[in-house]
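Q: My questions all concern the structure below.
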Amino acid sequence: MARPTKTQAVVLRSLRFGEADRVLHLYALDRGRIGAIAKGVRKTKSRFGARLEPLSHVELVLHRGSGELHTVTGVELVRSHHETREDPYRLGVALVGAEAMLRLFGEPEANARAFEALTRFLDLTDGLATRGGRRPAHDPLAISFQLKLLWLSGYLPHLESCADCGETAGLVGYSPQAGGAVCRSCANGARRLGQATFAAVEGLLRRPLSEAGDVGVGEREAREALGLVTASYEFHGGFRLRTLSQRGQTP
């Protein structure tokens, strides 16, 4: 019989299963994306149901049986992130990042840098200032995190010169088919990007997540940068984030 193991993980998604259980989609520090079942956590007397809310950063004790799912036998909170879950704007930002993590890092392969980026991102959402009138998906932190995930997953577009001809001046758009930015001569059918958007994306990639709010990202730049991200998802992964299709967040 397999011995229980302990690991840190973030709860990316939680689904009801049966009358009292939940199936958890987790990203774990030492094993990447895994699934687990938490038995009885929906009962009012559950010992650790409240510790397994989506976005929670936890230390788990897991038992691996004969099936694909691990069984949670122990939970300790590292960070609850209740500050994020209780604020609609912060929650919107966090759910975009959590789904991006779920889709880009879907294999049971450890990636310590991706895990560190995820936990840092969620720590920052706890203190994020609500931006009145701005869509959560357009927040610089949400866009910065997704760009960094694209980089870590190997899908980050080449943006320093035209991906077709190598020209460094006059970049006007993004073509996932070409693999990155394109100049005016090569821009047929490309997604158009302004010069301010190229500068914003470069700034978000160069600076740490904690400084995303210091990058000049206006509404137009946010919309165009998010369009670049979603086009990369569609071309390389064949998916769109459901969180971007809800509550008017589509770029």
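Convention: chains lettered A, B, ... in structure tokens order; per-chain residue numbering from 1; ligands numbered from 1 as shown.
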Enumerate as a VMD selection string all residues of region 66-195 of chain A assigned to strand (DSSP E) by DSSP on the backbone, naming them with the chain letters and numbers the document uses.

A: chain A and resid 70 to 79 171 to 175 180 to 183 191 to 192

Q: Could you check the closest approach to Thr197 (chain A) for each of A:Val78, A:Leu122, A:Leu209, A:Leu228 and tell me which residue wins, using only C-alpha atoms?

A: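 Distance minimum relative to Thr197 (chain A) lands on A:Leu228.
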
Q: I'd like to know which residues of region 4-248 of chain A are alpha helix (DSSP H) (by DSSP, run on the backbone); could you write them as a VMD selection string?

A: chain A and resid 82 to 85 88 to 104 112 to 126 140 to 153 195 to 206 219 to 232

Q: Go through A:Val229, A:Leu95, A:Val182, A:Leu124 one by one, measure the shortest atom-to-atom distance of each to Arg13 (chain A) using only C-alpha atoms, and give the residue with the smallest value.

A: A:Leu95

Q: Considering only C-alpha atoms, give me a table of residues in region 92-113 of chain A that are at most 6 Å from region 23-31 of chain A, with the closest atom pair and distance in Å for each, as a tab-separated table.

A:
```
residue	atom	partner	partner_atom	distance
A:Pro108	CA	A:Arg31	CA	5.5
A:Glu109	CA	A:Arg31	CA	5.2
A:Ala110	CA	A:Arg31	CA	4.2
A:Ala112	CA	A:Leu29	CA	5.9
```

Q: So that I can check the surroundings of Leu55 (chain A), please list as a PyMOL selection string every protein, DNA and RNA residue that reaches within 8 Å of it, counting only C-alpha atoms and ignoring chain neighbours fewer than 3 positions away.

A: chain A and resi 10-13+80-81+85+94+98+122

Q: Go ahead and dump the residues you just picked, N, CA and C atoms, as a short mmCIF file (atom, residue, chain, number, x, y, z; two decimals), in the first residue's frame.

A:
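Dumped to out39.cif:
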```cif
data_model
loop_
_atom_site.label_atom_id
_atom_site.label_comp_id
_atom_site.auth_asym_id
_atom_site.auth_seq_id
_atom_site.Cartn_x
_atom_site.Cartn_y
_atom_site.Cartn_z
N VAL A 10 -1.94 24.56 -4.58
CA VAL A 10 -2.96 25.59 -4.69
C VAL A 10 -4.20 24.94 -5.30
N VAL A 11 -5.35 25.22 -4.71
CA VAL A 11 -6.62 24.70 -5.24
C VAL A 11 -7.06 25.59 -6.40
N LEU A 12 -6.99 25.07 -7.61
CA LEU A 12 -7.37 25.85 -8.78
C LEU A 12 -8.85 25.76 -9.08
N ARG A 13 -9.46 24.62 -8.76
CA ARG A 13 -10.88 24.42 -9.03
C ARG A 13 -11.42 23.38 -8.07
N SER A 80 -5.05 31.55 2.99
CA SER A 80 -6.45 31.28 2.61
C SER A 80 -6.89 32.11 1.40
N HIS A 81 -6.31 33.30 1.25
CA HIS A 81 -6.70 34.24 0.19
C HIS A 81 -8.18 34.62 0.27
N ARG A 85 -11.13 36.25 -2.40
CA ARG A 85 -12.43 35.63 -2.67
C ARG A 85 -13.60 36.53 -2.29
N ALA A 94 -8.09 36.93 -10.04
CA ALA A 94 -7.51 35.66 -9.61
C ALA A 94 -8.04 34.48 -10.41
N ALA A 98 -5.98 31.66 -12.38
CA ALA A 98 -6.10 30.25 -12.00
C ALA A 98 -6.46 29.39 -13.20
N LEU A 122 -1.19 35.14 -6.40
CA LEU A 122 -2.32 35.13 -5.47
C LEU A 122 -2.05 35.99 -4.23
#
```

Q: Could you name the residues that touch region 146-155 of chain A at 8 Å or less, counting only C-alpha atoms, but leaving out those on the same chain fewer than 2 positions away, as a VMD selection string?

A: chain A and resid 97 100 to 101 104 to 105 113 to 114 142 to 144 157 204 to 205 229 232 236

Q: Write the selection just made, keeping N, CA and C atoms, as an mmCIF file, in the first residue's frame?

A:
```
data_model
loop_
_atom_site.group_PDB
_atom_site.id
_atom_site.type_symbol
_atom_site.label_atom_id
_atom_site.label_comp_id
_atom_site.auth_asym_id
_atom_site.auth_seq_id
_atom_site.Cartn_x
_atom_site.Cartn_y
_atom_site.Cartn_z
ATOM 1 N N GLY A 97 -6.287 34.123 -13.732
ATOM 2 C CA GLY A 97 -4.962 33.529 -13.557
ATOM 3 C C GLY A 97 -5.019 32.053 -13.229
ATOM 4 N N ALA A 100 -5.840 30.100 -16.377
ATOM 5 C CA ALA A 100 -4.670 30.065 -17.262
ATOM 6 C C ALA A 100 -3.664 29.022 -16.782
ATOM 7 N N MET A 101 -3.462 28.958 -15.473
ATOM 8 C CA MET A 101 -2.564 27.950 -14.894
ATOM 9 C C MET A 101 -3.093 26.553 -15.176
ATOM 10 N N LEU A 104 -2.595 25.870 -19.122
ATOM 11 C CA LEU A 104 -1.228 25.846 -19.646
ATOM 12 C C LEU A 104 -0.352 24.803 -18.974
ATOM 13 N N PHE A 105 -0.648 24.469 -17.720
ATOM 14 C CA PHE A 105 0.163 23.507 -16.976
ATOM 15 C C PHE A 105 -0.744 22.364 -16.516
ATOM 16 N N ARG A 113 9.123 26.940 -10.724
ATOM 17 C CA ARG A 113 9.020 28.358 -11.085
ATOM 18 C C ARG A 113 7.565 28.734 -11.355
ATOM 19 N N ALA A 114 6.822 27.835 -11.992
ATOM 20 C CA ALA A 114 5.407 28.107 -12.240
ATOM 21 C C ALA A 114 4.634 28.149 -10.926
ATOM 22 N N ALA A 142 -3.213 40.751 -13.911
ATOM 23 C CA ALA A 142 -3.751 39.589 -14.620
ATOM 24 C C ALA A 142 -3.024 39.361 -15.933
ATOM 25 N N ILE A 143 -2.754 40.437 -16.664
ATOM 26 C CA ILE A 143 -2.077 40.303 -17.958
ATOM 27 C C ILE A 143 -0.620 39.903 -17.751
ATOM 28 N N SER A 144 0.046 40.515 -16.778
ATOM 29 C CA SER A 144 1.447 40.186 -16.500
ATOM 30 C C SER A 144 1.608 38.716 -16.130
ATOM 31 N N PRO A 157 5.361 34.716 -27.495
ATOM 32 C CA PRO A 157 5.692 35.151 -28.851
ATOM 33 C C PRO A 157 6.981 35.959 -28.903
ATOM 34 N N LEU A 204 5.705 44.696 -18.853
ATOM 35 C CA LEU A 204 5.115 43.670 -17.989
ATOM 36 C C LEU A 204 5.983 42.420 -17.930
ATOM 37 N N LEU A 205 6.645 42.100 -19.039
ATOM 38 C CA LEU A 205 7.524 40.938 -19.054
ATOM 39 C C LEU A 205 8.824 41.199 -18.301
ATOM 40 N N VAL A 229 -2.527 37.604 -25.847
ATOM 41 C CA VAL A 229 -2.493 36.422 -24.981
ATOM 42 C C VAL A 229 -3.504 35.384 -25.437
ATOM 43 N N SER A 232 -2.580 33.587 -28.564
ATOM 44 C CA SER A 232 -1.562 32.567 -28.294
ATOM 45 C C SER A 232 -2.194 31.308 -27.730
ATOM 46 N N HIS A 236 -1.694 27.927 -29.988
ATOM 47 C CA HIS A 236 -0.787 26.905 -29.447
ATOM 48 C C HIS A 236 -1.519 25.822 -28.651
#
```

Q: Find the spatial neighbours of Glu224 (chain A), counting only C-alpha atoms, within a cut-off of 9 Å - ignore same-chain residues fewer than 2 positions away - and output them as a list in words.

A: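 Skipping anything fewer than 2 positions along the chain leaves Arg191, Arg192, Leu193, Gly194, Thr197, Glu219, Arg220, Glu221, Ala222, Leu226, Gly227, Leu228, Val229 and Pro251 of chain A.
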
Q: What's the 6 Å shell around Ala181 (chain A), counting only C-alpha atoms, without same-chain residues fewer than 2 positions away, as a list in words?

A: Leu159, Cys162, Ala163, Gly173 and Tyr174 of chain A

Q: Might you pull out every residue within 8 Å of Asp21 (chain A), with only C-alpha atoms counted and same-chain residues fewer than 6 positions away left off, and present them as a PyMOL selection string?

A: chain A and resi 37-42
